[in-house]
$ cat final-v1.cif   # mmCIF, C-alpha atoms and all ligand atoms
data_target
#
loop_
_atom_site.label_atom_id
_atom_site.label_comp_id
_atom_site.auth_asym_id
_atom_site.auth_seq_id
_atom_site.Cartn_x
_atom_site.Cartn_y
_atom_site.Cartn_z
CA MET A 1330 4.11 11.86 23.37
CA HIS A 1331 1.72 14.72 22.62
CA PRO A 1332 -1.37 14.46 24.93
CA PHE A 1333 -4.57 13.21 23.27
CA VAL A 1334 -8.16 12.19 24.06
CA TYR A 1335 -8.95 8.52 23.44
CA GLU A 1336 -12.44 7.48 22.29
CA ARG A 1337 -13.92 4.16 21.24
CA PRO A 1338 -17.05 4.90 19.13
CA ALA A 1339 -19.65 2.12 18.96
CA SER A 1340 -20.73 2.51 15.33
CA LEU A 1341 -19.49 3.84 12.01
CA SER A 1342 -21.95 6.74 12.12
CA ALA A 1343 -20.78 7.71 15.62
CA ALA A 1344 -17.13 7.60 14.55
CA VAL A 1345 -17.85 9.69 11.45
CA ALA A 1346 -19.85 12.20 13.53
CA VAL A 1347 -16.97 12.79 15.96
CA ALA A 1348 -14.42 13.01 13.15
CA SER A 1349 -16.52 15.42 11.11
CA ARG A 1350 -17.05 17.71 14.14
CA SER A 1351 -13.32 18.28 14.34
CA ALA A 1352 -12.66 17.89 10.62
CA THR A 1353 -10.71 20.67 9.03
CA ARG A 1354 -9.34 21.24 5.60
CA HIS A 1355 -6.20 19.39 6.68
CA PRO A 1356 -5.50 15.99 5.11
CA PRO A 1357 -6.42 13.03 7.38
CA THR A 1358 -2.83 12.56 8.58
CA GLN A 1359 -2.79 16.13 9.99
CA ALA A 1360 -6.40 16.32 11.20
CA PRO A 1361 -7.05 16.88 14.94
CA ALA A 1362 -9.06 13.61 15.13
CA GLN A 1363 -7.52 10.48 13.66
CA PHE A 1364 -8.67 6.89 13.40
CA ILE A 1365 -6.64 4.04 14.83
CA ALA A 1366 -7.07 0.31 14.12
CA GLY A 1367 -4.05 -1.90 14.93
CA GLY A 1368 -1.94 1.11 15.89
CA THR A 1369 1.25 -0.50 14.53
CA ASN A 1370 1.86 2.46 12.23
CA LEU A 1371 0.06 5.38 13.87
CA ALA A 1372 1.18 4.73 17.47
CA ASP A 1373 4.77 4.42 16.23
CA TYR A 1374 4.54 7.87 14.63
CA MET A 1375 2.82 9.34 17.69
CA LYS A 1376 5.71 8.15 19.88
CA LEU A 1377 8.21 9.72 17.47
CA GLY A 1378 6.29 13.03 17.45
CA VAL A 1379 5.59 12.73 13.71
CA ALA A 1380 1.81 12.37 14.25
CA ARG A 1381 0.20 14.59 16.89
CA PRO A 1382 -3.58 13.96 16.92
CA GLU A 1383 -5.65 15.68 19.61
CA ARG A 1384 -8.27 12.92 19.50
CA LEU A 1385 -7.78 9.26 18.74
CA LEU A 1386 -10.84 7.35 17.51
CA ASP A 1387 -10.32 3.63 18.08
CA LEU A 1388 -12.20 1.69 15.39
CA ASN A 1389 -12.10 -1.61 17.27
CA GLY A 1390 -15.32 -0.83 19.15
CA LEU A 1391 -17.38 -0.48 15.94
CA SER A 1392 -20.30 -2.91 16.02
CA GLU A 1393 -20.86 -3.47 12.25
CA PRO A 1394 -19.99 -7.18 11.66
CA ALA A 1395 -19.13 -6.64 7.96
CA LEU A 1396 -16.05 -4.68 9.04
CA ARG A 1397 -14.51 -7.95 10.31
CA ARG A 1398 -15.76 -10.28 7.57
CA ILE A 1399 -14.03 -11.93 4.59
CA GLU A 1400 -16.51 -12.80 1.83
CA THR A 1401 -15.57 -14.75 -1.29
CA GLY A 1402 -18.11 -15.35 -4.04
CA GLY A 1403 -18.53 -15.51 -7.80
CA GLU A 1404 -18.42 -11.70 -8.08
CA GLY A 1405 -15.12 -11.42 -6.28
CA LEU A 1406 -13.65 -10.88 -2.84
CA ARG A 1407 -14.86 -8.47 -0.15
CA LEU A 1408 -12.56 -7.72 2.76
CA GLY A 1409 -13.81 -5.83 5.81
CA ALA A 1410 -11.53 -2.96 6.83
CA LEU A 1411 -10.87 -4.37 10.31
CA VAL A 1412 -9.91 -7.87 9.14
CA ARG A 1413 -6.43 -8.59 10.51
CA MET A 1414 -3.63 -9.04 7.97
CA GLY A 1415 -2.85 -12.48 9.41
CA ASP A 1416 -6.44 -13.73 9.01
CA ALA A 1417 -6.59 -12.70 5.35
CA ALA A 1418 -3.11 -14.13 4.67
CA GLU A 1419 -4.15 -17.55 6.01
CA ASN A 1420 -7.66 -17.66 4.53
CA ALA A 1421 -7.93 -20.84 2.42
CA GLU A 1422 -10.14 -19.30 -0.30
CA ILE A 1423 -7.88 -16.28 -0.69
CA LYS A 1424 -4.84 -18.56 -0.96
CA ARG A 1425 -6.58 -20.65 -3.60
CA ARG A 1426 -8.31 -17.97 -5.67
CA TYR A 1427 -6.19 -14.85 -5.06
CA PRO A 1428 -2.67 -16.11 -4.25
CA VAL A 1429 -1.09 -12.72 -4.98
CA ILE A 1430 -3.13 -11.24 -2.12
CA ALA A 1431 -2.28 -14.00 0.35
CA GLU A 1432 1.42 -13.83 -0.54
CA SER A 1433 1.62 -10.03 -0.32
CA LEU A 1434 0.26 -10.29 3.23
CA GLN A 1435 2.31 -13.35 4.26
CA LEU A 1436 5.52 -11.60 3.21
CA ALA A 1437 4.69 -8.37 5.07
CA ALA A 1438 6.01 -7.48 8.54
CA SER A 1439 6.12 -10.23 11.22
CA GLY A 1440 3.56 -12.69 12.62
CA GLN A 1441 2.96 -10.47 15.67
CA LEU A 1442 2.39 -7.38 13.51
CA ARG A 1443 0.11 -9.26 11.12
CA ASN A 1444 -2.02 -10.42 14.05
CA MET A 1445 -2.47 -6.84 15.23
CA ALA A 1446 -2.59 -4.83 11.99
CA SER A 1447 -5.79 -4.29 10.00
CA LEU A 1448 -6.13 -4.35 6.21
CA ALA A 1449 -7.30 -0.72 5.99
CA GLY A 1450 -4.46 0.38 8.27
CA ASN A 1451 -2.04 -1.48 6.03
CA ILE A 1452 -3.06 0.29 2.86
CA LEU A 1453 -2.94 3.65 4.67
CA GLN A 1454 0.42 3.13 6.36
CA ARG A 1455 2.82 6.03 5.99
CA THR A 1456 6.31 5.97 4.54
CA ARG A 1457 9.31 4.72 6.52
CA CYS A 1458 11.62 7.40 5.01
CA GLU A 1459 14.27 7.86 7.74
CA TYR A 1460 14.12 11.64 7.43
CA PHE A 1461 10.34 11.64 7.78
CA ARG A 1462 10.66 9.58 10.98
CA GLU A 1463 13.23 11.87 12.61
CA THR A 1464 11.65 15.25 13.34
CA SER A 1465 14.93 17.18 13.44
CA TRP A 1466 15.33 16.80 9.63
CA PRO A 1467 13.58 18.94 7.00
CA CYS A 1468 10.77 16.96 5.36
CA ASN A 1469 8.06 18.30 3.04
CA LYS A 1470 5.77 15.40 3.87
CA ARG A 1471 5.89 16.04 7.62
CA GLU A 1472 6.35 19.84 7.51
CA PRO A 1473 5.14 21.27 4.16
CA GLY A 1474 7.65 23.64 2.60
CA SER A 1475 10.56 22.70 4.90
CA GLY A 1476 12.58 20.87 2.21
CA CYS A 1477 13.59 17.27 1.64
CA ALA A 1478 16.64 15.88 3.44
CA ALA A 1479 16.58 12.69 1.36
CA MET A 1480 17.37 14.42 -1.95
CA GLU A 1481 21.03 14.90 -1.08
CA GLY A 1482 21.07 12.56 1.91
CA PHE A 1483 21.29 8.76 2.08
CA ASN A 1484 18.56 7.64 -0.32
CA ARG A 1485 19.24 3.92 -0.87
CA GLN A 1486 15.66 3.00 0.18
CA HIS A 1487 14.00 5.76 -1.83
CA ALA A 1488 11.81 5.70 -4.92
CA VAL A 1489 12.81 5.85 -8.58
CA LEU A 1490 9.26 6.04 -10.00
CA GLY A 1491 6.56 8.66 -9.33
CA THR A 1492 8.99 11.00 -7.58
CA SER A 1493 8.83 14.80 -7.54
CA GLU A 1494 11.35 17.49 -6.70
CA ASN A 1495 9.63 17.72 -3.31
CA CYS A 1496 9.60 14.09 -2.17
CA ILE A 1497 11.12 10.76 -3.17
CA ALA A 1498 9.78 8.63 -0.30
CA THR A 1499 8.83 5.07 -1.13
CA TYR A 1500 5.36 3.70 -0.44
CA HIS A 1501 6.38 0.79 1.76
CA GLY A 1502 3.38 -1.56 1.87
CA ASP A 1503 3.05 -4.89 0.04
CA PHE A 1504 -0.70 -5.64 0.02
CA ALA A 1505 -1.42 -2.46 -1.97
CA GLN A 1506 0.53 -3.76 -4.97
CA ALA A 1507 -1.78 -6.80 -5.16
CA LEU A 1508 -4.82 -4.53 -4.86
CA ILE A 1509 -3.79 -2.09 -7.57
CA ALA A 1510 -2.86 -4.94 -9.93
CA LEU A 1511 -6.28 -6.56 -9.45
CA ASP A 1512 -8.29 -3.30 -9.89
CA ALA A 1513 -9.62 -3.26 -6.34
CA THR A 1514 -12.12 -0.71 -5.06
CA VAL A 1515 -12.15 0.88 -1.62
CA HIS A 1516 -15.46 1.59 0.15
CA VAL A 1517 -15.56 4.56 2.48
CA GLN A 1518 -18.10 6.20 4.74
CA GLY A 1519 -17.97 9.84 5.78
CA HIS A 1520 -20.09 12.82 6.75
CA ASN A 1521 -21.28 13.19 3.12
CA GLY A 1522 -22.31 9.54 2.86
CA ARG A 1523 -20.72 6.49 1.27
CA ARG A 1524 -18.58 6.32 -1.83
CA LYS A 1525 -16.33 3.92 -3.70
CA ILE A 1526 -12.82 4.86 -4.74
CA PRO A 1527 -10.89 2.89 -7.37
CA PHE A 1528 -7.77 1.72 -5.54
CA ALA A 1529 -5.64 3.29 -8.27
CA SER A 1530 -6.86 6.78 -7.27
CA LEU A 1531 -6.64 6.35 -3.49
CA HIS A 1532 -2.95 7.30 -3.13
CA ARG A 1533 -1.67 10.61 -4.50
CA LEU A 1534 1.66 11.23 -6.16
CA PRO A 1535 3.85 13.60 -4.11
CA GLU A 1536 4.07 16.32 -6.84
CA ASP A 1537 4.01 19.70 -5.07
CA SER A 1538 2.07 18.56 -1.97
CA PRO A 1539 3.62 15.39 -0.58
CA HIS A 1540 1.84 15.88 2.76
CA ILE A 1541 -1.49 15.05 1.05
CA GLU A 1542 -1.11 11.31 0.68
CA THR A 1543 -4.58 10.05 -0.23
CA ASP A 1544 -7.91 11.09 -1.70
CA LEU A 1545 -9.68 10.58 1.67
CA ALA A 1546 -11.37 13.36 3.63
CA PRO A 1547 -10.46 13.53 7.35
CA ASP A 1548 -13.87 12.14 8.40
CA GLU A 1549 -13.90 9.24 5.92
CA ILE A 1550 -13.48 5.73 7.26
CA VAL A 1551 -12.47 2.89 4.96
CA THR A 1552 -15.10 0.19 5.50
CA ALA A 1553 -14.15 -2.48 2.95
CA ILE A 1554 -11.96 -3.42 0.02
CA GLU A 1555 -13.46 -5.21 -2.98
CA VAL A 1556 -11.49 -7.19 -5.53
CA PRO A 1557 -13.37 -8.24 -8.68
CA ALA A 1558 -13.08 -11.83 -9.90
CA GLY A 1559 -11.04 -12.13 -13.09
CA ALA A 1560 -9.59 -14.82 -15.34
CA TRP A 1561 -6.14 -13.79 -14.04
CA THR A 1562 -6.61 -13.97 -10.26
CA ARG A 1563 -5.71 -17.68 -9.77
CA ARG A 1564 -2.51 -17.42 -11.77
CA SER A 1565 -1.04 -14.67 -9.66
CA ARG A 1566 1.87 -14.19 -7.31
CA TYR A 1567 3.84 -11.67 -5.28
CA LEU A 1568 7.62 -11.65 -5.40
CA LYS A 1569 9.43 -9.58 -2.78
CA ILE A 1570 13.15 -8.83 -2.69
CA ARG A 1571 14.56 -7.43 0.56
CA ASP A 1572 17.74 -7.09 2.57
CA ARG A 1573 16.74 -9.96 4.92
CA GLN A 1574 14.62 -13.00 4.20
CA SER A 1575 11.95 -12.00 6.71
CA TYR A 1576 10.69 -8.98 8.60
CA ALA A 1577 11.90 -6.33 6.16
CA PHE A 1578 10.31 -3.92 3.71
CA ALA A 1579 10.73 -4.51 -0.03
CA LEU A 1580 13.69 -3.14 -1.95
CA ALA A 1581 11.76 -4.20 -5.02
CA SER A 1582 8.65 -6.29 -5.48
CA ALA A 1583 6.27 -7.37 -8.22
CA ALA A 1584 2.63 -8.36 -8.08
CA VAL A 1585 1.75 -10.29 -11.24
CA ALA A 1586 -1.55 -11.79 -12.41
CA LEU A 1587 -1.87 -13.50 -15.79
CA ASP A 1588 -4.60 -14.84 -18.01
CA LEU A 1589 -2.83 -17.15 -20.47
CA ASP A 1590 -3.84 -19.08 -23.53
CA GLY A 1591 -1.06 -21.68 -23.51
CA GLU A 1592 1.99 -19.41 -23.17
CA THR A 1593 0.33 -16.47 -24.94
CA VAL A 1594 -0.85 -13.60 -22.76
CA ASN A 1595 -4.54 -12.65 -22.93
CA GLU A 1596 -4.25 -10.23 -19.99
CA ALA A 1597 -1.39 -9.24 -17.70
CA ARG A 1598 -1.82 -7.29 -14.47
CA ILE A 1599 1.39 -5.93 -13.02
CA ALA A 1600 2.26 -3.72 -10.06
CA LEU A 1601 5.62 -2.79 -8.58
CA GLY A 1602 6.55 -2.18 -4.95
CA GLY A 1603 9.61 -0.82 -3.13
CA VAL A 1604 10.51 1.40 -6.08
CA ALA A 1605 7.73 4.00 -6.29
CA THR A 1606 6.15 6.75 -4.20
CA VAL A 1607 2.67 5.20 -4.46
CA PRO A 1608 1.38 1.68 -5.22
CA TRP A 1609 2.53 1.42 -8.85
CA ARG A 1610 0.64 -0.13 -11.73
CA ALA A 1611 2.98 -0.91 -14.64
CA ARG A 1612 0.54 -0.41 -17.52
CA ALA A 1613 3.19 0.02 -20.21
CA ALA A 1614 4.59 -3.41 -19.31
CA GLU A 1615 1.10 -4.96 -19.42
CA GLU A 1616 0.50 -3.47 -22.84
CA ILE A 1617 3.70 -4.96 -24.25
CA LEU A 1618 2.79 -8.46 -23.09
CA ARG A 1619 -0.79 -8.55 -24.39
CA GLY A 1620 -1.03 -11.08 -27.26
CA LYS A 1621 2.64 -12.15 -26.94
CA VAL A 1622 4.20 -15.49 -26.01
CA LEU A 1623 5.56 -14.94 -22.51
CA ASP A 1624 9.21 -15.96 -22.79
CA GLU A 1625 12.34 -14.39 -21.30
CA ALA A 1626 12.68 -11.87 -24.13
CA ALA A 1627 9.08 -10.65 -23.76
CA ALA A 1628 9.46 -10.44 -19.96
CA ALA A 1629 12.67 -8.41 -20.38
CA GLU A 1630 10.96 -6.07 -22.83
CA ALA A 1631 8.11 -5.55 -20.38
CA ALA A 1632 10.60 -4.84 -17.57
CA GLU A 1633 12.39 -2.23 -19.69
CA ALA A 1634 9.08 -0.49 -20.34
CA ALA A 1635 8.17 -0.61 -16.64
CA PHE A 1636 11.31 1.33 -15.68
CA ALA A 1637 11.61 3.57 -18.77
CA GLU A 1638 10.66 6.67 -16.74
CA ALA A 1639 12.76 5.83 -13.66
CA GLN A 1640 14.66 8.71 -12.03
CA PRO A 1641 17.52 7.46 -9.87
CA ARG A 1642 19.21 9.45 -7.09
CA ARG A 1643 22.72 9.03 -5.72
CA HIS A 1644 22.30 5.77 -3.77
CA ASN A 1645 19.27 4.08 -5.30
CA ALA A 1646 20.12 3.56 -8.99
CA PHE A 1647 20.57 -0.16 -8.23
CA LYS A 1648 16.78 -0.39 -7.75
CA ILE A 1649 16.22 0.01 -11.49
CA GLU A 1650 18.14 -3.15 -12.37
CA LEU A 1651 16.84 -4.96 -9.28
CA GLY A 1652 13.27 -3.95 -10.12
CA LYS A 1653 13.58 -5.19 -13.70
CA ARG A 1654 14.99 -8.54 -12.59
CA THR A 1655 12.28 -8.88 -9.95
CA LEU A 1656 9.60 -8.29 -12.57
CA ILE A 1657 11.15 -10.72 -15.08
CA ARG A 1658 11.33 -13.43 -12.41
CA GLY A 1659 7.81 -12.64 -11.22
CA LEU A 1660 6.42 -12.94 -14.74
CA LEU A 1661 8.15 -16.24 -15.52
CA GLU A 1662 7.27 -17.81 -12.16
CA THR A 1663 3.65 -16.77 -12.58
CA ARG A 1664 3.60 -18.24 -16.11
CA ASP A 1665 4.89 -21.54 -14.71
CA MET A 1666 2.35 -21.81 -11.87
CA LYS A 1667 0.17 -24.93 -11.89
CA VAL A 1668 -3.42 -23.71 -11.60
C1 LIG K 1701 8.84 -3.26 12.08
C2 LIG K 1701 7.75 -3.19 11.06
C3 LIG K 1701 7.88 -3.89 9.87
C4 LIG K 1701 6.86 -3.81 8.91
N1 LIG K 1701 7.01 -4.48 7.72
C5 LIG K 1701 6.03 -4.36 6.78
C6 LIG K 1701 6.15 -4.99 5.51
O1 LIG K 1701 7.14 -5.66 5.23
N2 LIG K 1701 5.15 -4.82 4.62
C7 LIG K 1701 4.02 -4.09 4.90
O2 LIG K 1701 3.12 -3.98 4.07
N3 LIG K 1701 3.90 -3.48 6.07
C8 LIG K 1701 4.87 -3.60 7.00
N4 LIG K 1701 4.73 -2.95 8.19
C9 LIG K 1701 3.63 -2.02 8.35
C10 LIG K 1701 2.44 -2.67 8.99
O3 LIG K 1701 1.94 -3.65 8.15
C11 LIG K 1701 1.45 -1.54 9.22
O4 LIG K 1701 1.93 -0.82 10.33
C12 LIG K 1701 0.07 -2.02 9.50
O5 LIG K 1701 -0.44 -2.77 8.43
C13 LIG K 1701 -0.86 -0.85 9.78
O6 LIG K 1701 -2.11 -1.36 10.15
P1 LIG K 1701 -2.78 -0.89 11.52
O7 LIG K 1701 -4.15 -1.48 11.56
O8 LIG K 1701 -1.88 -1.17 12.69
O9 LIG K 1701 -2.86 0.66 11.22
P2 LIG K 1701 -2.90 1.90 12.23
O10 LIG K 1701 -1.52 2.17 12.74
O11 LIG K 1701 -3.98 1.74 13.22
O12 LIG K 1701 -3.33 3.04 11.20
C14 LIG K 1701 -2.51 3.38 10.10
C15 LIG K 1701 -3.16 4.57 9.38
O13 LIG K 1701 -4.39 4.19 8.81
C16 LIG K 1701 -5.47 4.97 9.30
N5 LIG K 1701 -6.61 4.06 9.41
C17 LIG K 1701 -6.60 2.82 9.97
N6 LIG K 1701 -7.78 2.21 9.73
C18 LIG K 1701 -8.54 3.09 9.03
C19 LIG K 1701 -9.85 3.03 8.46
N7 LIG K 1701 -10.62 1.93 8.54
N8 LIG K 1701 -10.29 4.11 7.78
C20 LIG K 1701 -9.53 5.23 7.65
N9 LIG K 1701 -8.29 5.33 8.17
C21 LIG K 1701 -7.80 4.27 8.84
C22 LIG K 1701 -4.98 5.54 10.61
O14 LIG K 1701 -5.62 6.76 10.93
C23 LIG K 1701 -3.50 5.73 10.32
O15 LIG K 1701 -3.28 6.92 9.61
C24 LIG K 1701 5.71 -3.04 9.17
C25 LIG K 1701 5.57 -2.36 10.40
C26 LIG K 1701 6.58 -2.43 11.32
C27 LIG K 1701 6.40 -1.68 12.60
S1 LIG K 1702 11.64 11.88 0.76
FE1 LIG K 1702 9.65 12.72 1.32
S2 LIG K 1702 9.31 11.83 3.34
FE2 LIG K 1702 11.51 11.67 2.95
S3 LIG K 1702 12.46 13.56 3.73
FE3 LIG K 1702 11.95 13.93 1.61
S4 LIG K 1702 9.93 14.90 1.74
FE4 LIG K 1702 10.25 13.85 3.65
#
$ encode --input "final-v1.cif" --output "structure tokens" --more "lines below"
Ligand SMILES: Cc1cc2nc3c(=O)[nH]c(=O)nc-3n(C[C@H](O)[C@H](O)[C@H](O)COP(=O)(O)OP(=O)(O)OC[C@H]3O[C@@H](n4cnc5c(N)ncnc54)[C@H](O)[C@@H]3O)c2cc1C
Ligand code: SF4
Amino acid sequence: MHPFVYERPASLSAAVAVASRSATRHPPTQAPAQFIAGGTNLADYMKLGVARPERLLDLNGLSEPALRRIETGGEGLRLGALVRMGDAAENAEIKRRYPVIAESLQLAASGQLRNMASLAGNILQRTRCEYFRETSWPCNKREPGSGCAAMEGFNRQHAVLGTSENCIATYHGDFAQALIALDATVHVQGHNGRRKIPFASLHRLPEDSPHIETDLAPDEIVTAIEVPAGAWTRRSRYLKIRDRQSYAFALASAAVALDLDGETVNEARIALGGVATVPWRARAAEEILRGKVLDEAAAAEAAEAAFAEAQPRRHNAFKIELGKRTLIRGLLETRDMKV
């Protein structure tokens, strides 16, 4: 492992000050100082030589209590950045009022990982593309301009939506699909103060710079995630299809939240996972469902719209059909929920 200095700042302002002193114009993932929370993603990539920070700023010493708090109220849900995935997944109010969030976390990783991993770390986890993980392969995300081994390589796990000619890596997380479907907002604090970022603009499409993965500056710390209350949050679920029944990333997934009048859709919120380069909101599918009776035909029409722009590669064309079926099932199961 590349040698690094370890620090445990005592407050958000202290952490931001250290990060901003060494901040450069690099994106956060390539900055000399990087934040670590659970370490289940970053430490893995440090061991593999993919991440090589000079300074590691451990966020677990931060004293601000709100960073570890879950707050549910009439306005919505507020999740501190350092809340562990397992604690949010098992929170009774989240299960009752935001089942899609609880399920996306319950179905992610393993119990041990969920106990260690933080919510902010989860949304900022990096791709598991095999060629990204192995430093002997060309990879535009790891080494800008070096090429992409996945294009002509084994790309069964790779994305069919939001791809570019420079990168087709899937965004692997589950929780992010629930957040983008429910119009969450991310709170951050950096050298230039605090700001709120709509979750939908946090992750960047790969386009011609796949190494720039988010809208964050290198000295910005995610402090909280806010999810507004909505008529659709109770009738919501997360369906995840994977190679094994547990402890595996999604091949395809769907986060669905519905506001129904009988079987007619007032509002549909839909996001897709396992198939896209970033957390993926399926707005065309939502549009088709609005004002319609949600039956199998309407669900199938929405699924067609969701994958209309899909671009398959040699080994991953199956994800288009799998993704459509996952969405159809997700929609019908959410319709049939007893709330
Ligand atoms: C075997 C395995 C299986 C997995 N399966 C799944 C799965 O099925 N679904 C799923 O969603 N995930 C899965 N994961 C990923 C796992 O959930 C993530 O590794 C974890 O959520 C990351 O959280 P962390 O706190 O450990 O992040 P860290 O590793 O500490 O950090 C991750 C990134 O976030 C940054 N960061 C962390 N906190 C902040 C903050 N507050 N502000 C700014 N930047 C921050 C770090 O600098 C780093 O770049 C799996 C992981 C493993 C190893
Ligand atoms: S798909 Fe993206 S992450 Fe994977 S090798 Fe290509 S550039 Fe790298």
$ closest_residue --input "final-v1.cif" --among "A:His1644, A:Arg1664, A:Arg1471, A:His1540" --to "Ala1488 (chain A)" --atoms "all atoms listed in the file"
A:His1644
$ residues_near_ligand --input "final-v1.cif" --ligand "ligand LIG 1702 (chain K)" --cutoff "10 Å" --atoms "only C-alpha atoms and all ligand atoms" --output "ChimeraX atom specification"
/A:1455-1464,1466-1482,1484,1486-1488,1492-1500,1535,1538-1540,1606
$ residues_near_ligand --input "final-v1.cif" --ligand "ligand LIG 1701 (chain K)" --cutoff "8 Å" --atoms "only C-alpha atoms and all ligand atoms" --output "short mmCIF file (atom, residue, chain, number, x, y, z; two decimals) with C-alpha atoms, keeping the file's coordinate frame"
data_model
loop_
_atom_site.label_atom_id
_atom_site.label_comp_id
_atom_site.auth_asym_id
_atom_site.auth_seq_id
_atom_site.Cartn_x
_atom_site.Cartn_y
_atom_site.Cartn_z
CA PRO A 1357 -6.42 13.03 7.38
CA THR A 1358 -2.83 12.56 8.58
CA GLN A 1363 -7.52 10.48 13.66
CA PHE A 1364 -8.67 6.89 13.40
CA ILE A 1365 -6.64 4.04 14.83
CA ALA A 1366 -7.07 0.31 14.12
CA GLY A 1367 -4.05 -1.90 14.93
CA GLY A 1368 -1.94 1.11 15.89
CA THR A 1369 1.25 -0.50 14.53
CA ASN A 1370 1.86 2.46 12.23
CA LEU A 1371 0.06 5.38 13.87
CA ALA A 1372 1.18 4.73 17.47
CA ASP A 1373 4.77 4.42 16.23
CA LEU A 1388 -12.20 1.69 15.39
CA ALA A 1410 -11.53 -2.96 6.83
CA LEU A 1411 -10.87 -4.37 10.31
CA ARG A 1413 -6.43 -8.59 10.51
CA MET A 1414 -3.63 -9.04 7.97
CA SER A 1433 1.62 -10.03 -0.32
CA LEU A 1434 0.26 -10.29 3.23
CA LEU A 1436 5.52 -11.60 3.21
CA ALA A 1437 4.69 -8.37 5.07
CA ALA A 1438 6.01 -7.48 8.54
CA SER A 1439 6.12 -10.23 11.22
CA LEU A 1442 2.39 -7.38 13.51
CA ARG A 1443 0.11 -9.26 11.12
CA MET A 1445 -2.47 -6.84 15.23
CA ALA A 1446 -2.59 -4.83 11.99
CA SER A 1447 -5.79 -4.29 10.00
CA LEU A 1448 -6.13 -4.35 6.21
CA ALA A 1449 -7.30 -0.72 5.99
CA GLY A 1450 -4.46 0.38 8.27
CA ASN A 1451 -2.04 -1.48 6.03
CA ILE A 1452 -3.06 0.29 2.86
CA LEU A 1453 -2.94 3.65 4.67
CA GLN A 1454 0.42 3.13 6.36
CA ARG A 1455 2.82 6.03 5.99
CA HIS A 1501 6.38 0.79 1.76
CA GLY A 1502 3.38 -1.56 1.87
CA ASP A 1503 3.05 -4.89 0.04
CA PHE A 1504 -0.70 -5.64 0.02
CA ALA A 1505 -1.42 -2.46 -1.97
CA VAL A 1517 -15.56 4.56 2.48
CA GLU A 1549 -13.90 9.24 5.92
CA ILE A 1550 -13.48 5.73 7.26
CA VAL A 1551 -12.47 2.89 4.96
CA THR A 1552 -15.10 0.19 5.50
CA ALA A 1553 -14.15 -2.48 2.95
CA TYR A 1576 10.69 -8.98 8.60
CA ALA A 1577 11.90 -6.33 6.16
CA PHE A 1578 10.31 -3.92 3.71
CA ALA A 1579 10.73 -4.51 -0.03
#
$ residues_around --input "final-v1.cif" --residues "Ala1339 (chain A)" --least-positions-apart "2" --cutoff "7 Å" --atoms "only C-alpha atoms" --output "PyMOL selection string"
chain A and resi 1337+1343+1390-1392
$ closest_residue --input "final-v1.cif" --among "A:Glu1633, A:Ala1626, A:Ser1565, A:Leu1651" --to "Thr1663 (chain A)" --atoms "only C-alpha atoms"
A:Ser1565
$ atom_distance --input "final-v1.cif" --atom1 "CA of Asn1420 (chain A)" --atom2 "CA of Leu1656 (chain A)"
26.0 Å
$ atom_distance --input "final-v1.cif" --atom1 "CA of Ser1465 (chain A)" --atom2 "CA of Ile1541 (chain A)"
20.7 Å
$ atom_distance --input "final-v1.cif" --atom1 "CA of Leu1580 (chain A)" --atom2 "CA of Gly1652 (chain A)"
8.2 Å
$ closest_residue --input "final-v1.cif" --among "A:Val1489, A:Ala1362, A:Ala1418, A:Ile1617" --to "Gly1440 (chain A)" --atoms "only C-alpha atoms"
A:Ala1418
$ closest_residue --input "final-v1.cif" --among "A:Leu1408, A:Ala1560, A:Ala1611, A:Ala1635" --to "Asn1595 (chain A)" --atoms "only C-alpha atoms"
A:Ala1560
$ axis_aligned_box --input "final-v1.cif" --around "region 1641-1645 of chain A" --padding-each-side "6 Å" --output "lines of an AutoDock Vina configuration file"
center_x = 20.1
center_y = 6.8
center_z = -6.8
size_x = 17.2
size_y = 17.4
size_z = 18.1
